[in-house]
>>> print(open('structure_39.txt').read())   # compact mmCIF, C-alpha atoms
# COMPACT_ATOMS: atom_id res chain seq x y z
CA MET K 64 53.56 -6.45 49.10
CA GLY K 65 57.07 -4.97 48.88
CA THR K 66 59.41 -4.81 45.92
CA LEU K 67 59.59 -8.17 44.17
CA MET K 68 62.99 -7.81 42.54
CA ARG K 69 66.36 -6.69 43.85
CA THR K 70 67.88 -3.54 42.36
CA LEU K 71 71.61 -3.63 41.59
CA GLN K 72 74.10 -1.07 40.37
CA LEU K 73 76.02 -2.59 37.48
CA ASN K 74 79.60 -3.20 38.60
CA ALA K 75 82.06 -6.10 38.63
CA ARG K 76 80.58 -7.57 41.81
CA SER K 77 76.92 -7.46 40.74
CA GLU K 78 77.80 -8.80 37.29
CA ARG K 79 79.66 -11.72 38.84
CA THR K 80 76.64 -12.44 41.05
CA LEU K 81 74.29 -12.52 38.06
CA LEU K 82 76.59 -14.58 35.84
CA GLU K 83 77.43 -17.13 38.52
CA GLY K 84 73.77 -17.57 39.40
CA ARG K 85 73.28 -19.70 36.27
CA ARG K 86 74.53 -23.27 36.32
CA ARG K 87 75.57 -25.27 33.29
CA SER K 88 76.12 -28.38 35.41
CA ASP K 89 73.58 -29.84 37.82
CA PRO K 90 75.21 -32.74 39.72
CA GLU K 91 72.02 -33.68 41.60
CA ALA K 92 69.95 -33.85 38.41
CA LEU K 93 72.72 -35.75 36.63
CA ARG K 94 72.82 -38.42 39.36
CA ALA K 95 69.05 -38.89 39.25
CA ALA K 96 68.97 -38.93 35.45
CA GLU K 97 71.83 -41.46 35.23
CA ARG K 98 69.82 -43.87 37.37
CA ILE K 99 66.71 -43.48 35.23
CA VAL K 100 68.52 -43.62 31.89
CA GLY K 101 70.42 -46.74 32.95
CA ASP K 102 67.22 -48.46 34.07
CA VAL K 103 65.43 -47.75 30.78
CA ARG K 104 68.44 -49.02 28.83
CA ARG K 105 68.33 -52.27 30.80
CA ARG K 106 64.62 -52.93 31.13
CA GLY K 107 63.07 -51.00 28.25
CA ASP K 108 59.29 -50.57 28.21
CA GLN K 109 58.81 -51.85 31.74
CA ALA K 110 61.15 -49.24 33.22
CA LEU K 111 59.65 -46.54 31.00
CA VAL K 112 56.14 -47.36 32.22
CA GLU K 113 57.17 -47.54 35.88
CA TRP K 114 59.10 -44.26 35.88
CA THR K 115 56.30 -42.51 33.97
CA GLU K 116 53.77 -43.55 36.60
CA ARG K 117 56.10 -42.76 39.49
CA LEU K 118 57.32 -39.35 38.35
CA ASP K 119 54.62 -38.03 36.02
CA ARG K 120 51.70 -39.79 37.74
CA VAL K 121 50.52 -41.04 34.38
CA ARG K 122 49.38 -44.66 34.32
CA VAL K 123 50.22 -46.35 31.03
CA SER K 124 51.21 -49.77 29.78
CA ALA K 125 53.44 -50.85 26.94
CA LYS K 126 50.27 -51.21 24.84
CA THR K 127 48.96 -47.70 25.64
CA LEU K 128 52.24 -45.76 25.41
CA LYS K 129 51.53 -44.91 21.79
CA VAL K 130 48.64 -42.54 21.07
CA SER K 131 46.40 -44.00 18.40
CA ALA K 132 45.56 -42.25 15.14
CA ALA K 133 41.90 -42.32 16.20
CA GLU K 134 42.72 -40.40 19.40
CA MET K 135 44.55 -37.73 17.42
CA ARG K 136 41.70 -37.34 14.94
CA ALA K 137 39.25 -37.10 17.85
CA ALA K 138 41.42 -34.41 19.47
CA GLU K 139 41.38 -32.39 16.27
CA ARG K 140 37.57 -32.53 16.27
CA GLU K 141 37.44 -31.61 19.97
CA ALA K 142 39.89 -28.69 19.90
CA GLN K 143 38.41 -25.20 19.78
CA PRO K 144 38.34 -23.67 16.28
CA GLU K 145 40.33 -20.59 17.32
CA ILE K 146 43.07 -22.84 18.71
CA LEU K 147 43.23 -24.79 15.45
CA ARG K 148 43.42 -21.54 13.46
CA ALA K 149 46.22 -20.31 15.73
CA ILE K 150 48.13 -23.58 15.28
CA GLU K 151 47.79 -23.33 11.50
CA GLN K 152 48.91 -19.67 11.46
CA ALA K 153 51.93 -20.36 13.68
CA ALA K 154 52.89 -23.42 11.62
CA ARG K 155 52.61 -21.39 8.41
CA ASN K 156 54.98 -18.73 9.74
CA ILE K 157 57.46 -21.31 11.06
CA ARG K 158 57.48 -22.93 7.61
CA ARG K 159 58.17 -19.60 5.91
CA VAL K 160 61.10 -18.84 8.19
CA ALA K 161 62.46 -22.39 7.86
CA ARG K 162 62.32 -22.16 4.07
CA GLU K 163 64.64 -19.13 4.18
CA GLN K 164 67.02 -20.88 6.62
CA MET K 165 67.44 -24.03 4.55
CA PRO K 166 71.06 -24.55 3.42
CA GLU K 167 71.52 -25.09 -0.30
CA ARG K 168 73.50 -27.39 -2.56
CA TRP K 169 76.55 -25.72 -4.12
CA SER K 170 79.66 -26.56 -6.09
CA ILE K 171 82.82 -24.58 -6.88
CA GLU K 172 86.13 -25.18 -8.66
CA PRO K 173 88.86 -23.77 -6.36
CA GLU K 174 91.38 -24.53 -9.10
CA SER K 175 91.23 -26.21 -12.47
CA GLY K 176 90.43 -29.89 -12.23
CA VAL K 177 89.36 -29.68 -8.58
CA ARG K 178 85.66 -29.49 -7.73
CA VAL K 179 84.34 -29.18 -4.18
CA GLY K 180 80.69 -28.94 -3.27
CA GLN K 181 77.95 -29.62 -0.77
CA ILE K 182 74.83 -31.74 -0.81
CA VAL K 183 72.12 -31.47 1.84
CA ARG K 184 70.41 -34.50 3.36
CA PRO K 185 67.86 -34.68 6.19
CA ILE K 186 68.34 -36.67 9.37
CA GLU K 187 66.23 -39.81 8.93
CA ARG K 188 64.53 -40.14 12.34
CA ILE K 189 64.27 -37.52 15.11
CA GLY K 190 62.57 -37.20 18.48
CA CYS K 191 60.61 -34.13 19.62
CA TYR K 192 60.33 -33.83 23.39
CA VAL K 193 57.28 -31.77 24.41
CA PRO K 194 57.28 -30.72 28.09
CA GLY K 195 54.07 -31.48 29.92
CA GLY K 196 54.46 -30.42 33.56
CA GLY K 197 51.96 -27.66 34.21
CA ALA K 198 50.65 -27.71 30.66
CA ALA K 199 51.74 -29.57 27.55
CA LEU K 200 53.41 -26.99 25.30
CA VAL K 201 51.78 -27.20 21.89
CA SER K 202 54.15 -24.43 20.75
CA THR K 203 57.17 -26.67 21.37
CA LEU K 204 55.66 -29.35 19.15
CA LEU K 205 55.32 -26.77 16.37
CA MET K 206 58.84 -25.39 16.88
CA THR K 207 60.43 -28.84 16.58
CA ALA K 208 58.21 -30.81 14.21
CA VAL K 209 57.56 -28.13 11.58
CA PRO K 210 61.26 -27.37 10.84
CA ALA K 211 61.88 -31.13 10.76
CA GLN K 212 59.19 -31.51 8.10
CA MET K 213 60.62 -28.61 6.11
CA ALA K 214 64.04 -30.28 6.26
CA GLY K 215 62.53 -33.49 4.85
CA VAL K 216 62.89 -35.67 7.96
CA ALA K 217 61.07 -38.92 7.18
CA GLU K 218 60.24 -40.07 10.73
CA ILE K 219 59.25 -37.66 13.52
CA VAL K 220 58.63 -39.12 16.98
CA VAL K 221 56.86 -37.06 19.64
CA SER K 222 57.12 -37.77 23.37
CA CYS K 223 55.02 -35.93 25.96
CA PRO K 224 54.04 -37.09 29.47
CA ARG K 225 50.53 -35.67 29.25
CA PRO K 226 49.68 -34.84 25.64
CA SER K 227 46.75 -32.44 25.80
CA VAL K 228 43.90 -32.20 23.33
CA ASN K 229 45.68 -29.27 21.70
CA VAL K 230 49.00 -31.13 21.38
CA LEU K 231 47.26 -34.12 19.83
CA ALA K 232 45.23 -31.85 17.54
CA ALA K 233 48.43 -30.14 16.41
CA ALA K 234 50.06 -33.54 15.79
CA SER K 235 47.05 -34.56 13.73
CA LEU K 236 47.10 -31.33 11.71
CA LEU K 237 50.80 -31.84 10.99
CA GLY K 238 50.23 -35.44 9.92
CA LEU K 239 52.43 -36.92 12.67
CA ARG K 240 51.95 -40.62 13.38
CA GLU K 241 54.19 -41.45 16.35
CA VAL K 242 53.17 -39.80 19.62
CA TYR K 243 54.04 -41.44 22.95
CA ARG K 244 52.84 -40.80 26.49
CA ALA K 245 56.22 -40.54 28.19
CA GLY K 246 58.13 -37.72 29.79
CA GLY K 247 61.17 -36.83 31.83
CA ALA K 248 64.57 -38.49 31.74
CA GLN K 249 62.90 -41.83 31.01
CA ALA K 250 61.48 -40.52 27.72
CA ILE K 251 64.88 -39.16 26.68
CA ALA K 252 66.41 -42.58 27.38
CA ALA K 253 63.71 -44.34 25.36
CA LEU K 254 64.22 -41.99 22.40
CA ALA K 255 67.99 -42.39 22.51
CA TYR K 256 68.30 -46.13 23.07
CA GLY K 257 64.90 -47.49 22.06
CA THR K 258 62.56 -49.98 23.72
CA ARG K 259 60.36 -52.74 22.31
CA THR K 260 57.69 -50.08 21.60
CA ILE K 261 59.81 -47.06 20.65
CA ARG K 262 62.53 -47.36 18.04
CA PRO K 263 65.60 -45.19 18.74
CA VAL K 264 66.02 -41.83 17.02
CA GLU K 265 69.15 -40.20 15.62
CA LYS K 266 68.72 -36.79 17.31
CA ILE K 267 66.57 -35.42 20.13
CA PHE K 268 65.02 -31.95 20.11
CA GLY K 269 63.07 -29.87 22.61
CA PRO K 270 63.48 -28.26 26.03
CA GLY K 271 62.55 -29.70 29.42
CA ASN K 272 63.17 -29.48 33.14
CA ARG K 273 66.55 -29.99 34.80
CA TYR K 274 66.22 -33.79 34.69
CA VAL K 275 65.37 -33.77 30.99
CA THR K 276 68.35 -31.49 30.34
CA ALA K 277 70.61 -33.79 32.39
CA ALA K 278 69.34 -36.86 30.54
CA LYS K 279 70.02 -35.20 27.18
CA GLN K 280 73.57 -34.49 28.28
CA ILE K 281 74.01 -38.12 29.35
CA VAL K 282 72.68 -39.69 26.13
CA SER K 283 74.54 -37.21 23.90
CA ALA K 284 77.48 -39.61 23.84
CA ASP K 285 75.29 -41.99 21.81
CA CYS K 286 72.49 -39.87 20.34
CA ALA K 287 72.76 -36.32 19.05
CA ILE K 288 70.86 -33.56 20.86
CA ASP K 289 69.85 -30.08 19.77
CA LEU K 290 71.27 -27.82 22.50
CA PRO K 291 71.39 -27.44 26.27
CA ALA K 292 68.11 -25.68 27.12
CA GLY K 293 67.81 -24.90 30.81
CA PRO K 294 65.61 -22.43 32.72
CA THR K 295 64.24 -19.68 30.48
CA GLU K 296 65.82 -16.21 30.54
CA ALA K 297 64.53 -12.76 29.63
CA VAL K 298 66.57 -9.57 29.55
CA VAL K 299 64.97 -6.24 28.65
CA TYR K 300 67.28 -3.32 27.90
CA ALA K 301 65.57 0.07 28.11
CA GLU K 302 66.76 3.65 28.38
CA ASP K 303 63.16 4.86 28.29
CA GLY K 304 59.86 3.19 27.43
CA ASN K 305 56.53 1.95 28.71
CA ALA K 306 57.02 0.53 32.22
CA GLN K 307 53.76 -1.44 31.99
CA TRP K 308 54.85 -3.22 28.82
CA ILE K 309 58.36 -3.90 30.11
CA ALA K 310 56.99 -5.43 33.30
CA ALA K 311 54.56 -7.58 31.29
CA ASP K 312 57.44 -9.00 29.20
CA LEU K 313 59.46 -9.84 32.30
CA LEU K 314 56.49 -11.55 33.91
CA ALA K 315 55.73 -13.52 30.74
CA GLN K 316 59.02 -15.40 30.99
CA ALA K 317 59.05 -15.48 34.81
CA GLU K 318 55.85 -17.54 34.87
CA HIS K 319 57.53 -20.47 33.10
CA ALA K 320 59.08 -21.72 36.33
CA ALA K 321 60.38 -20.62 39.72
CA ASP K 322 63.96 -20.73 38.41
CA ALA K 323 63.29 -18.62 35.30
CA VAL K 324 65.55 -15.55 35.01
CA SER K 325 64.06 -12.09 34.34
CA ILE K 326 66.29 -9.01 34.29
CA LEU K 327 65.74 -5.37 33.39
CA VAL K 328 68.89 -3.51 32.40
CA THR K 329 68.42 0.25 32.23
CA THR K 330 70.35 3.49 32.34
CA SER K 331 67.40 5.19 34.07
CA ALA K 332 66.89 4.67 37.79
CA LYS K 333 63.50 6.38 37.41
CA LEU K 334 62.37 3.83 34.83
CA GLY K 335 63.70 1.06 37.05
CA ARG K 336 61.49 2.22 39.93
CA ALA K 337 58.46 2.49 37.65
CA VAL K 338 58.98 -1.05 36.31
CA ALA K 339 59.41 -2.38 39.87
CA GLU K 340 56.06 -0.87 40.84
CA GLU K 341 54.40 -2.29 37.72
CA LEU K 342 55.81 -5.73 38.48
CA ARG K 343 54.40 -5.61 41.98
CA GLU K 344 50.93 -4.60 40.76
CA GLN K 345 50.77 -6.96 37.77
CA CYS K 346 52.11 -9.92 39.72
CA ALA K 347 49.41 -9.43 42.36
CA ARG K 348 46.77 -9.90 39.63
CA LEU K 349 48.13 -13.23 38.39
CA PRO K 350 46.29 -16.43 39.32
CA GLU K 351 47.15 -18.03 42.63
CA GLY K 352 49.96 -20.52 42.24
CA ASN K 353 51.55 -18.74 39.27
CA PRO K 354 55.33 -19.07 39.81
CA ALA K 355 56.20 -15.60 38.46
CA GLY K 356 56.42 -13.97 41.90
CA ARG K 357 58.74 -16.66 43.23
CA SER K 358 60.85 -16.45 40.10
CA LEU K 359 61.27 -12.67 40.34
CA ALA K 360 62.16 -12.84 44.01
CA LYS K 361 64.66 -15.67 43.48
CA THR K 362 66.47 -14.78 40.25
CA GLY K 363 65.05 -11.47 39.01
CA ALA K 364 66.91 -8.15 39.08
CA ILE K 365 66.70 -4.54 37.99
CA VAL K 366 70.21 -3.54 36.94
CA ILE K 367 71.12 0.15 36.73
CA ALA K 368 73.94 0.80 34.25
CA ALA K 369 75.98 3.97 33.99
CA SER K 370 75.88 4.03 30.19
CA ARG K 371 74.70 2.17 27.11
CA GLY K 372 78.20 0.83 26.59
CA ALA K 373 78.31 -0.63 30.09
CA ALA K 374 74.83 -2.09 29.69
CA MET K 375 75.59 -3.75 26.35
CA GLY K 376 78.90 -5.06 27.61
CA PHE K 377 77.12 -6.86 30.44
CA ILE K 378 74.33 -8.12 28.16
CA ASN K 379 76.81 -9.63 25.69
CA ARG K 380 78.66 -11.38 28.50
CA PHE K 381 75.36 -12.61 29.96
CA ALA K 382 74.23 -13.78 26.49
CA PRO K 383 70.51 -14.03 27.32
CA GLU K 384 68.07 -16.43 25.75
CA HIS K 385 65.56 -13.61 25.06
CA LEU K 386 66.66 -9.97 24.67
CA SER K 387 64.27 -7.06 24.20
CA LEU K 388 65.54 -3.67 23.01
CA VAL K 389 62.79 -1.10 23.62
CA GLY K 390 62.46 2.65 23.18
CA ARG K 391 65.73 4.34 22.25
CA ALA K 392 67.56 1.12 23.13
CA LYS K 393 66.38 -0.21 19.76
CA GLU K 394 69.41 1.62 18.35
CA ALA K 395 71.70 -0.74 20.28
CA LEU K 396 71.05 -3.68 17.93
CA ALA K 397 74.39 -3.09 16.18
CA GLU K 398 76.13 -3.69 19.53
CA VAL K 399 74.46 -7.05 20.22
CA ARG K 400 77.04 -9.85 19.98
CA SER K 401 75.45 -12.71 21.94
CA ALA K 402 71.74 -13.51 22.40
CA GLY K 403 69.39 -16.34 21.56
CA THR K 404 66.84 -14.04 19.93
CA VAL K 405 66.27 -10.27 19.89
CA PHE K 406 62.89 -8.54 20.10
CA LEU K 407 63.24 -5.13 18.52
CA GLY K 408 60.96 -2.22 19.44
CA ASP K 409 58.12 -1.55 21.85
CA TYR K 410 55.48 -3.74 20.18
CA SER K 411 57.68 -6.83 19.86
CA ALA K 412 56.39 -8.65 22.93
CA GLN K 413 58.39 -11.77 23.72
CA PRO K 414 55.34 -14.10 23.57
CA PHE K 415 55.03 -13.33 19.84
CA GLY K 416 58.28 -15.25 19.39
CA ASP K 417 57.21 -17.94 21.84
CA TYR K 418 54.20 -18.75 19.71
CA ALA K 419 53.58 -17.40 16.26
CA SER K 420 56.11 -15.06 14.62
CA GLY K 421 57.85 -18.00 12.94
CA SER K 422 61.17 -17.56 14.72
CA ASN K 423 62.08 -20.64 16.77
CA HIS K 424 61.66 -20.54 20.55
CA VAL K 425 64.09 -23.39 21.32
CA LEU K 426 67.07 -21.23 22.27
CA PRO K 427 70.41 -21.44 24.09
CA THR K 428 70.40 -20.55 27.80
CA ALA K 429 73.01 -20.22 30.58
CA GLY K 430 75.38 -18.27 28.35
CA TRP K 431 75.45 -20.82 25.51
CA ALA K 432 74.36 -18.01 23.15
CA ARG K 433 77.99 -16.85 23.26
CA SER K 434 78.89 -19.83 21.09
CA ARG K 435 75.77 -21.14 19.33
CA ALA K 436 72.45 -20.09 17.84
CA GLY K 437 68.92 -21.20 18.55
CA LEU K 438 67.16 -24.06 16.79
CA SER K 439 66.59 -23.78 13.04
CA VAL K 440 65.90 -26.01 10.07
CA ARG K 441 69.69 -26.37 9.71
CA ASP K 442 69.74 -28.54 12.85
CA PHE K 443 67.64 -31.17 11.06
CA VAL K 444 69.91 -31.65 8.04
CA LYS K 445 73.44 -32.80 7.30
CA CYS K 446 75.59 -30.81 4.90
CA ILE K 447 77.77 -33.41 3.19
CA SER K 448 80.87 -32.26 1.33
CA VAL K 449 81.55 -33.74 -2.12
CA GLN K 450 84.86 -33.49 -3.95
CA GLU K 451 85.98 -34.65 -7.37
CA ILE K 452 89.54 -34.46 -8.66
CA THR K 453 90.28 -34.94 -12.36
CA ARG K 454 93.55 -36.30 -13.77
CA ALA K 455 94.71 -32.75 -14.44
CA GLY K 456 93.63 -31.69 -10.96
CA ALA K 457 95.58 -34.56 -9.40
CA ARG K 458 98.71 -33.33 -11.16
CA ARG K 459 98.18 -29.83 -9.78
CA LEU K 460 97.42 -30.91 -6.20
CA GLY K 461 99.83 -33.85 -6.08
CA PRO K 462 103.08 -32.07 -5.14
CA ALA K 463 101.39 -30.13 -2.29
CA ALA K 464 99.55 -33.19 -0.95
CA MET K 465 102.70 -35.33 -1.01
CA ALA K 466 104.79 -32.62 0.64
CA LEU K 467 102.28 -32.25 3.47
CA ALA K 468 102.08 -36.04 3.89
CA ARG K 469 105.88 -36.17 4.23
CA ALA K 470 105.76 -33.31 6.75
CA GLU K 471 103.37 -35.36 8.87
CA GLY K 472 105.33 -38.58 8.44
CA LEU K 473 102.42 -40.40 6.76
CA THR K 474 104.03 -42.49 4.05
CA ALA K 475 100.85 -44.28 2.93
CA HIS K 476 99.14 -40.94 2.40
CA GLU K 477 101.98 -39.85 0.11
CA GLN K 478 101.88 -43.17 -1.74
CA ALA K 479 98.09 -42.96 -2.38
CA VAL K 480 98.75 -39.75 -4.30
CA LYS K 481 102.01 -40.86 -5.92
CA VAL K 482 100.52 -43.97 -7.56
CA ARG K 483 98.08 -41.75 -9.45
CA LEU K 484 100.85 -39.60 -10.84
>>> encode(input="structure_39.txt", output="C-alpha cells")
Amino acid sequence: MGTLMRTLQLNARSERTLLEGRRRSDPEALRAAERIVGDVRRRGDQALVEWTERLDRVRVSAKTLKVSAAEMRAAEREAQPEILRAIEQAARNIRRVAREQMPERWSIEPESGVRVGQIVRPIERIGCYVPGGGAALVSTLLMTAVPAQMAGVAEIVVSCPRPSVNVLAAASLLGLREVYRAGGAQAIAALAYGTRTIRPVEKIFGPGNRYVTAAKQIVSADCAIDLPAGPTEAVVYAEDGNAQWIAADLLAQAEHAADAVSILVTTSAKLGRAVAEELREQCARLPEGNPAGRSLAKTGAIVIAASRGAAMGFINRFAPEHLSLVGRAKEALAEVRSAGTVFLGDYSAQPFGDYASGSNHVLPTAGWARSRAGLSVRDFVKCISVQEITRAGARRLGPAAMALARAEGLTAHEQAVKVRL
C-alpha cells in the first residue's frame, strides 16, 4: 500500500484547493430533500413510514413509530453494565459543563429611572436527531438531550432510524419518553411540521448526513435549527510530537464517513513523513469496510508550512471543526481565532471530546466556526430582555427618544413618548 494522503506545501494555491474542497451548499441533496420534506408535509405519517422503509430499510407503521416505555426499560436491562456506567459518566460531565454555560438573569440601571435586564426561559419542545446509518450514535443523544434537560426544556423528542439497545438504554436512563423510529430528511420534516403521531417541535438539534443537513436548511424557514453540521473535520497542528498518536487522531475522525476531512498541518517535513507511514500502517489494521482509508485518500492532506505564523493563518481561515495542538504547538492556543473545539496537548485525544469530557461534540463545519460556536446549553434557552421606565426615567429619556423619532420621520413614535410627558 502506498501513501494514503497527499502532501502539500502550504501556499496560496494549496490553501485554495483545501478551502474550496468543502461545500456549504449541496444542490443534489437539496433537491432530494425538498421532495421528501414536501411529501411528509402533505401526507404525514404515511409518507414518513414509506420513506423510512424505502431509504432506511426499516419497516414501521404509524402505530410502531413510537418506541414504547417498556422497550426502553428492557433496553436498559439488556445493555452491558460498562456501557451504562460510561453513559452515566459522560452525562454527568456534560451536565457539569452545561451548568457553567447557563446564561443568568441580570438587571442594571443604565441611568436613573431606567432599568434594563434579562430573564432566561427554556424552549418548550425540541427535537434531537440521532444518526443511525452505520451505528446509532448514543453520544449524540447525550450531547443534545442532556443540555436540553439542564436548560429546563419540558419536552424532548428523539428521532433515530435504528435506535440501538444502547440508544434506548440511554434514553431510559435520561427519563426521555418520546423516541421515534424515523431518520433522514423525512424525520426532519416530521419534527418540523408534525404528523398525526409526532407533534411539531420548536427547534431541531443534531448532526446527520448530507440529506439531513439539506432538510434542516429547508425547514429552517419554519422551525429553528441548531447549526449546519456537515462532514466531520479534524486538523492536527504539530511542530513535533508522537507520530503514532497524531495518526490515530486523524484516523478517528476519518472513519466517520468517506467524505470526512482529516488534515495534518506541520512545520516539520520529517514529522509529516512519519505520520504518513503511521497512517498507512494503522489504516491497514482497521476492519474491512472501515471508510477511513477512502476518506484519507479523498479529502486528507499533510500540509507542510514554512512557519507557525503561516500554519496558524491557514488554520484560522480553514476554521476546523476539531483542532488538536500537540507538542510545542500547544503554545499556539493564543493564536487560535476560529475552531469548533480545541484539544490541547498530547494526551487530549479527539475521541475524549466525542464521548465523555463534557464538551459538546455538535460543532460547526465547513468554515462556519469563523462565525459561530458549537452547541451549548445556551442554544436551548431564550434570553428575553426586560425594561422598565419610571416617570422620572421617561422625563430623562423623552427628549432623546422624540428627537430620534423625528429624525426617522415616525410621528406616532414621537407621540407615544410625548403623551407621557
>>> residues_around(input="structure_39.txt", residues="segment 443-459 of chain K", least_positions_apart="4", cutoff="7 Å", atoms="all atoms listed in the file", output="list in words")
Ser175, Gly176, Val177, Arg178, Val179, Gly180, Gln181, Ile182, Val183, Arg184, Pro185, Ile186, Ala211, Ala214 and Leu484 of chain K
>>> write_last_selection(input="structure_39.txt", atoms="C-alpha atoms", output="short mmCIF file (atom, residue, chain, number, x, y, z; two decimals), keeping the file's coordinate frame")
data_model
loop_
_atom_site.label_atom_id
_atom_site.label_comp_id
_atom_site.auth_asym_id
_atom_site.auth_seq_id
_atom_site.Cartn_x
_atom_site.Cartn_y
_atom_site.Cartn_z
CA SER K 175 91.23 -26.21 -12.47
CA GLY K 176 90.43 -29.89 -12.23
CA VAL K 177 89.36 -29.68 -8.58
CA ARG K 178 85.66 -29.49 -7.73
CA VAL K 179 84.34 -29.18 -4.18
CA GLY K 180 80.69 -28.94 -3.27
CA GLN K 181 77.95 -29.62 -0.77
CA ILE K 182 74.83 -31.74 -0.81
CA VAL K 183 72.12 -31.47 1.84
CA ARG K 184 70.41 -34.50 3.36
CA PRO K 185 67.86 -34.68 6.19
CA ILE K 186 68.34 -36.67 9.37
CA ALA K 211 61.88 -31.13 10.76
CA ALA K 214 64.04 -30.28 6.26
CA LEU K 484 100.85 -39.60 -10.84
#
>>> closest_residue(input="structure_39.txt", among="K:Leu200, K:Val103, K:Val112, K:Leu237", to="Arg155 of chain K", atoms="all atoms listed in the file")
K:Leu237
>>> closest_residue(input="structure_39.txt", among="K:Ala199, K:Ala464, K:Val299, K:Ala323", to="Ala429 of chain K", atoms="all atoms listed in the file")
K:Ala323
>>> residues_around(input="structure_39.txt", residues="Ala95 of chain K", least_positions_apart="6", cutoff="9 Å", atoms="only C-alpha atoms", output="list in words")
Ala248, Tyr274, Ala277 and Ala278 of chain K
>>> closest_residue(input="structure_39.txt", among="K:Pro144, K:Gly101, K:Pro90, K:Gly246", to="Glu116 of chain K", atoms="only C-alpha atoms")
K:Gly246
>>> residues_around(input="structure_39.txt", residues="Val193 of chain K", least_positions_apart="3", cutoff="12 Å", atoms="only C-alpha atoms", output="mmCIF file with C-alpha atoms, keeping the file's coordinate frame")
data_model
loop_
_atom_site.group_PDB
_atom_site.id
_atom_site.type_symbol
_atom_site.label_atom_id
_atom_site.label_comp_id
_atom_site.auth_asym_id
_atom_site.auth_seq_id
_atom_site.Cartn_x
_atom_site.Cartn_y
_atom_site.Cartn_z
ATOM 1 C CA GLY K 190 62.570 -37.200 18.480
ATOM 2 C CA GLY K 196 54.460 -30.420 33.560
ATOM 3 C CA GLY K 197 51.960 -27.660 34.210
ATOM 4 C CA ALA K 198 50.650 -27.710 30.660
ATOM 5 C CA ALA K 199 51.740 -29.570 27.550
ATOM 6 C CA LEU K 200 53.410 -26.990 25.300
ATOM 7 C CA VAL K 201 51.780 -27.200 21.890
ATOM 8 C CA SER K 202 54.150 -24.430 20.750
ATOM 9 C CA THR K 203 57.170 -26.670 21.370
ATOM 10 C CA LEU K 204 55.660 -29.350 19.150
ATOM 11 C CA LEU K 205 55.320 -26.770 16.370
ATOM 12 C CA MET K 206 58.840 -25.390 16.880
ATOM 13 C CA THR K 207 60.430 -28.840 16.580
ATOM 14 C CA ALA K 208 58.210 -30.810 14.210
ATOM 15 C CA VAL K 220 58.630 -39.120 16.980
ATOM 16 C CA VAL K 221 56.860 -37.060 19.640
ATOM 17 C CA SER K 222 57.120 -37.770 23.370
ATOM 18 C CA CYS K 223 55.020 -35.930 25.960
ATOM 19 C CA PRO K 224 54.040 -37.090 29.470
ATOM 20 C CA ARG K 225 50.530 -35.670 29.250
ATOM 21 C CA PRO K 226 49.680 -34.840 25.640
ATOM 22 C CA SER K 227 46.750 -32.440 25.800
ATOM 23 C CA VAL K 230 49.000 -31.130 21.380
ATOM 24 C CA LEU K 231 47.260 -34.120 19.830
ATOM 25 C CA ALA K 234 50.060 -33.540 15.790
ATOM 26 C CA VAL K 242 53.170 -39.800 19.620
ATOM 27 C CA TYR K 243 54.040 -41.440 22.950
ATOM 28 C CA ARG K 244 52.840 -40.800 26.490
ATOM 29 C CA ALA K 245 56.220 -40.540 28.190
ATOM 30 C CA GLY K 246 58.130 -37.720 29.790
ATOM 31 C CA GLY K 247 61.170 -36.830 31.830
ATOM 32 C CA ALA K 250 61.480 -40.520 27.720
ATOM 33 C CA ILE K 251 64.880 -39.160 26.680
ATOM 34 C CA ILE K 267 66.570 -35.420 20.130
ATOM 35 C CA PHE K 268 65.020 -31.950 20.110
ATOM 36 C CA GLY K 269 63.070 -29.870 22.610
ATOM 37 C CA PRO K 270 63.480 -28.260 26.030
ATOM 38 C CA GLY K 271 62.550 -29.700 29.420
ATOM 39 C CA ASN K 272 63.170 -29.480 33.140
ATOM 40 C CA VAL K 275 65.370 -33.770 30.990
ATOM 41 C CA VAL K 425 64.090 -23.390 21.320
#
>>> residues_near_point(input="structure_39.txt", point="(73.8, -27.9, 35.4)", cutoff="12 Å", atoms="only C-alpha atoms", output="PyMOL selection string")
chain K and resi 83-94+272-281+291-294+428-429
>>> closest_residue(input="structure_39.txt", among="K:Val366, K:Leu388, K:Ala339, K:Ala432", to="Gly304 of chain K", atoms="all atoms listed in the file")
K:Leu388
>>> closest_residue(input="structure_39.txt", among="K:Gly472, K:Met375, K:Val324, K:Val298", to="Ala397 of chain K", atoms="only C-alpha atoms")
K:Met375
>>> atom_distance(input="structure_39.txt", atom1="atom CA of Leu438 of chain K", atom2="atom CA of Glu167 of chain K")
17.7 Å
>>> atom_distance(input="structure_39.txt", atom1="atom CA of Lys393 of chain K", atom2="atom CA of Ala301 of chain K")
8.4 Å
>>> residues_around(input="structure_39.txt", residues="Glu141 of chain K", least_positions_apart="4", cutoff="10 Å", atoms="only C-alpha atoms", output="list of chain:residue names")
K:Met135, K:Arg136, K:Ala137, K:Val228, K:Asn229, K:Ala232
>>> residues_around(input="structure_39.txt", residues="Cys346 of chain K", least_positions_apart="4", cutoff="10 Å", atoms="all atoms listed in the file", output="list of chain:residue names")
K:Leu67, K:Ala310, K:Ala311, K:Leu314, K:Glu318, K:Glu340, K:Glu341, K:Leu342, K:Pro350, K:Glu351, K:Asn353, K:Pro354, K:Ala355, K:Gly356, K:Leu359
>>> closest_residue(input="structure_39.txt", among="K:Glu384, K:Tyr256, K:Arg262, K:Asp322", to="Glu296 of chain K", atoms="all atoms listed in the file")
K:Glu384
